[in-house]
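**Student:** Structure file protein_16.cif, mmCIF, C-alpha atoms, is pasted below:
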data_model
loop_
_atom_site.label_atom_id
_atom_site.label_comp_id
_atom_site.auth_asym_id
_atom_site.auth_seq_id
_atom_site.Cartn_x
_atom_site.Cartn_y
_atom_site.Cartn_z
CA MET A 21 -65.27 28.76 75.40
CA THR A 22 -67.83 31.58 75.28
CA ARG A 23 -65.25 34.03 76.63
CA ILE A 24 -62.80 33.08 73.89
CA LEU A 25 -65.47 33.50 71.22
CA GLY A 26 -66.52 36.84 72.72
CA CYS A 27 -62.93 38.08 72.78
CA PHE A 28 -62.44 36.95 69.19
CA LEU A 29 -65.54 38.85 68.04
CA LEU A 30 -64.42 41.94 69.94
CA VAL A 31 -61.02 41.84 68.24
CA LEU A 32 -62.70 41.51 64.84
CA LEU A 33 -64.90 44.52 65.56
CA MET A 34 -61.94 46.59 66.66
CA CYS A 35 -59.89 45.72 63.60
CA GLY A 36 -62.05 47.75 61.28
CA PHE A 37 -65.17 48.03 59.26
CA LYS A 38 -66.33 48.69 55.75
CA ALA A 39 -69.45 50.62 54.84
CA THR A 40 -70.93 51.03 51.38
CA VAL A 41 -73.68 53.13 49.86
CA GLY A 42 -75.16 51.84 46.63
CA SER A 43 -73.64 49.02 44.67
CA ASN A 44 -70.74 49.11 42.28
CA PHE A 45 -71.32 49.91 38.63
CA ASN A 46 -69.14 49.49 35.54
CA GLU A 47 -67.89 53.00 34.74
CA ALA A 48 -65.44 51.51 32.19
CA ASN A 49 -68.40 51.21 29.78
CA LEU A 50 -69.23 54.95 29.80
CA PRO A 51 -67.25 55.55 26.57
CA GLN A 52 -69.68 53.18 24.79
CA LEU A 53 -72.54 55.68 25.25
CA LYS A 54 -73.69 57.23 21.98
CA ILE A 55 -75.32 60.65 22.00
CA GLY A 56 -78.79 60.55 20.46
CA GLN A 57 -78.76 56.74 20.25
CA THR A 58 -78.22 55.00 23.60
CA THR A 59 -81.44 54.38 25.54
CA LEU A 60 -81.82 54.14 29.32
CA ALA A 61 -82.21 50.35 29.04
CA GLU A 62 -78.94 50.13 27.10
CA ALA A 63 -77.15 52.44 29.58
CA THR A 64 -78.46 50.34 32.48
CA LYS A 65 -77.08 47.22 30.82
CA LEU A 66 -73.71 48.90 30.11
CA LEU A 67 -73.35 50.08 33.72
CA GLY A 68 -74.52 46.76 35.10
CA ARG A 69 -77.40 47.94 37.25
CA PRO A 70 -80.31 50.43 37.40
CA ALA A 71 -79.76 54.05 38.43
CA ASP A 72 -80.03 55.03 42.10
CA SER A 73 -82.09 58.15 41.49
CA THR A 74 -83.94 60.03 38.77
CA GLN A 75 -84.64 63.72 38.34
CA VAL A 76 -86.83 65.41 35.76
CA GLY A 77 -85.81 68.86 34.53
CA GLN A 78 -88.15 71.70 33.61
CA SER A 79 -87.58 71.05 29.91
CA GLY A 80 -88.55 67.39 30.32
CA VAL A 81 -85.05 65.93 30.13
CA ILE A 82 -84.39 63.21 32.69
CA GLY A 83 -81.20 62.76 34.70
CA HIS A 84 -80.36 59.31 36.07
CA THR A 85 -77.65 59.02 38.72
CA TRP A 86 -75.48 56.04 39.61
CA THR A 87 -73.55 56.33 42.90
CA TYR A 88 -71.19 54.05 44.80
CA VAL A 89 -69.47 55.05 48.05
CA VAL A 90 -67.05 52.87 50.03
CA THR A 91 -65.58 53.77 53.42
CA LYS A 92 -63.06 51.62 55.25
CA ALA A 93 -61.79 52.30 58.76
CA SER A 94 -59.27 50.67 61.05
CA MET A 95 -59.64 51.06 64.79
CA TRP A 96 -56.02 50.03 65.32
CA THR A 97 -54.41 52.65 63.09
CA GLY A 98 -57.17 55.25 63.08
CA ASN A 99 -57.01 55.37 59.29
CA VAL A 100 -60.22 56.06 57.44
CA LYS A 101 -60.27 55.76 53.66
CA GLY A 102 -63.18 56.50 51.44
CA SER A 103 -63.92 56.61 47.76
CA THR A 104 -66.90 57.85 45.81
CA LYS A 105 -67.83 57.40 42.21
CA SER A 106 -70.92 58.94 40.74
CA VAL A 107 -72.23 59.81 37.30
CA MET A 108 -75.41 61.53 36.12
CA LEU A 109 -76.53 60.73 32.60
CA VAL A 110 -79.07 63.02 30.94
CA PHE A 111 -81.63 61.63 28.52
CA ASN A 112 -83.70 63.66 26.04
CA THR A 113 -87.48 63.65 26.03
CA ASP A 114 -87.30 61.04 23.23
CA GLY A 115 -85.50 58.70 25.67
CA THR A 116 -82.03 58.84 24.13
CA PHE A 117 -78.79 59.74 25.86
CA GLN A 118 -77.91 63.44 25.67
CA ARG A 119 -74.77 63.92 27.80
CA ILE A 120 -72.94 63.28 31.06
CA LEU A 121 -73.96 66.13 33.36
CA THR A 122 -71.86 65.36 36.45
CA MET A 123 -69.15 62.88 37.27
CA GLU A 124 -67.12 62.26 40.42
CA GLY A 125 -64.31 59.79 41.04
CA ILE A 126 -64.34 58.60 37.43
CA VAL A 127 -61.61 59.32 34.91
CA LEU A 128 -62.40 59.10 31.22
CA PRO A 129 -59.92 59.41 28.36
CA SER A 130 -59.77 63.02 27.11
CA GLU A 131 -61.46 62.24 23.78
CA ASP A 132 -64.41 60.64 25.61
CA MET A 133 -64.61 63.58 28.05
CA GLN A 134 -64.73 65.92 25.06
CA ARG A 135 -67.41 63.89 23.26
CA LEU A 136 -69.65 63.05 26.24
CA VAL A 137 -69.27 66.11 28.48
CA ALA A 138 -67.72 69.18 26.83
CA GLU A 139 -69.17 69.15 23.29
CA PRO A 140 -72.79 68.54 24.36
CA ALA A 141 -72.46 71.28 27.02
CA ALA A 142 -71.07 73.74 24.46
CA ALA A 143 -73.80 72.91 21.96
CA ARG A 144 -76.46 73.38 24.63
CA ALA A 145 -75.00 76.77 25.63
CA LYS A 146 -75.32 78.01 22.01
CA THR A 147 -79.06 77.27 21.80
CA PRO A 148 -81.35 80.03 23.09
#
Take the structure in this file and express it as structure tokens.
**Tutor:**
Amino acid sequence: MTRILGCFLLVLLMCGFKATVGSNFNEANLPQLKIGQTTLAEATKLLGRPADSTQVGQSGVIGHTWTYVVTKASMWTGNVKGSTKSVMLVFNTDGTFQRILTMEGIVLPSEDMQRLVAEPAAARAKTP
């Protein structure tokens, strides 16, 4: 009986594995962010969990990053598939959302990309 159980566990191990970094977050709610209005607490609620890391810039703005990585592998086929999604939201010194600084593995509608990424970046580039 122990040999059968051992063989069964070995087969399960050889079939594949799944590894994750971080926990999933709700990127579908990113378009609900409002520049100059959304707070970190509201963004945390929209994304469904707290940020994984925080960085403070020289000007005092704060970047909060949410990351989720999934890797799946099959020993039988040799296939390895991975996906990453990550977003860094920047908040002003007054605690309100400023812009999306970086994004990976997330697709937003073009009007939301323009509003949350491009326009704030262009406005920032114009200021001395």
**Student:** Return as a Markdown table the residues of region 47-73 of chain A lying at most 10 Å from region 105-108 of chain A, together with the closest atom-to-atom pair for each and the distance in Å to one decimal, counting all atoms listed in the file, with rows in chain order and ascending residue number.
**Tutor:**
| residue | atom | partner | partner_atom | distance |
| --- | --- | --- | --- | --- |
| A:Glu47 | CA | A:Val107 | CA | 8.5 |
| A:Leu50 | CA | A:Val107 | CA | 9.4 |
| A:Ala71 | CA | A:Met108 | CA | 9.0 |
| A:Asp72 | CA | A:Met108 | CA | 10.0 |
| A:Ser73 | CA | A:Met108 | CA | 9.2 |
**Student:** Would you translate the PyMOL selection byres ((chain A and resi 46) around 9) into the concrete set of residues it matches in this file, as a PyMOL selection string?
**Tutor:** chain A and resi 44-45+47-50+66-69
**Student:** Give as a PyMOL selection string the set of residues within 10 Å of the point (-70.0, 49.9, 50.6), where distances use the file's coordinates and all atoms listed in the file.
**Tutor:** chain A and resi 38-44+88-92+102-104
**Student:** Take the PyMOL selection byres ((chain A and resi 120) around 9), run it mentally on this structure, and tell me the resulting residues as a PyMOL selection string.
**Tutor:** chain A and resi 107-110+117-119+121-123+133+136-138+140-141
**Student:** Compare A:Asn112, A:Gln75, A:Thr85, A:Asn99 by their minimum atom-to-atom distance to Gln57 (chain A), counting all atoms listed in the file, and give me the closest one.
**Tutor:** A:Asn112
**Student:** By how many Å are CA of Lys65 (chain A) and CA of Glu131 (chain A) apart?
**Tutor:** 22.8 Å
**Student:** For the provided coordinates, the residues matched by the PyMOL selection byres ((chain A and resi 79) around 12) should be stated as a VMD selection string.
**Tutor:** chain A and resid 75 to 78 80 to 83 110 to 113
**Student:** Convert the current residue selection to file output with C-alpha atoms, as a short mmCIF file (atom, residue, chain, number, x, y, z; two decimals), in the frame of the given file.
**Tutor:**
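Ended up saving to out_5.cif:
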data_model
loop_
_atom_site.label_atom_id
_atom_site.label_comp_id
_atom_site.auth_asym_id
_atom_site.auth_seq_id
_atom_site.Cartn_x
_atom_site.Cartn_y
_atom_site.Cartn_z
CA GLN A 75 -84.64 63.72 38.34
CA VAL A 76 -86.83 65.41 35.76
CA GLY A 77 -85.81 68.86 34.53
CA GLN A 78 -88.15 71.70 33.61
CA GLY A 80 -88.55 67.39 30.32
CA VAL A 81 -85.05 65.93 30.13
CA ILE A 82 -84.39 63.21 32.69
CA GLY A 83 -81.20 62.76 34.70
CA VAL A 110 -79.07 63.02 30.94
CA PHE A 111 -81.63 61.63 28.52
CA ASN A 112 -83.70 63.66 26.04
CA THR A 113 -87.48 63.65 26.03
#
**Student:** Please measure the separation of CA of Glu124 (chain A) and CA of Gly56 (chain A), giving the value in Å to one decimal.
**Tutor:** 23.2 Å
**Student:** How many Å lie between CA of Asp114 (chain A) and CA of Lys54 (chain A), rounded to one decimal?
**Tutor:** 14.2 Å
**Student:** Given the choices A:Ala93, A:Gly115, A:Val127, A:Gln134, which gets closest to Thr59 (chain A) if the distance is worked out from all atoms listed in the file?
**Tutor:** A:Gly115
**Student:** Restricting the calculation to all atoms listed in the file, which member of A:Ser130, A:Thr64, A:Gln52, A:Thr58 is positioned closest to Thr116 (chain A)?
**Tutor:**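 Going through A:Ser130, A:Thr64, A:Gln52, A:Thr58 one by one, the smallest distance to Thr116 (chain A) is for A:Thr58.
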**Student:** So which one's closest to Leu60 (chain A), A:Asp132, A:Gly125, A:Lys101, A:His84? Using all atoms listed in the file, please.
**Tutor:**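 Checking each candidate against Leu60 (chain A), we get A:His84 as the closest.
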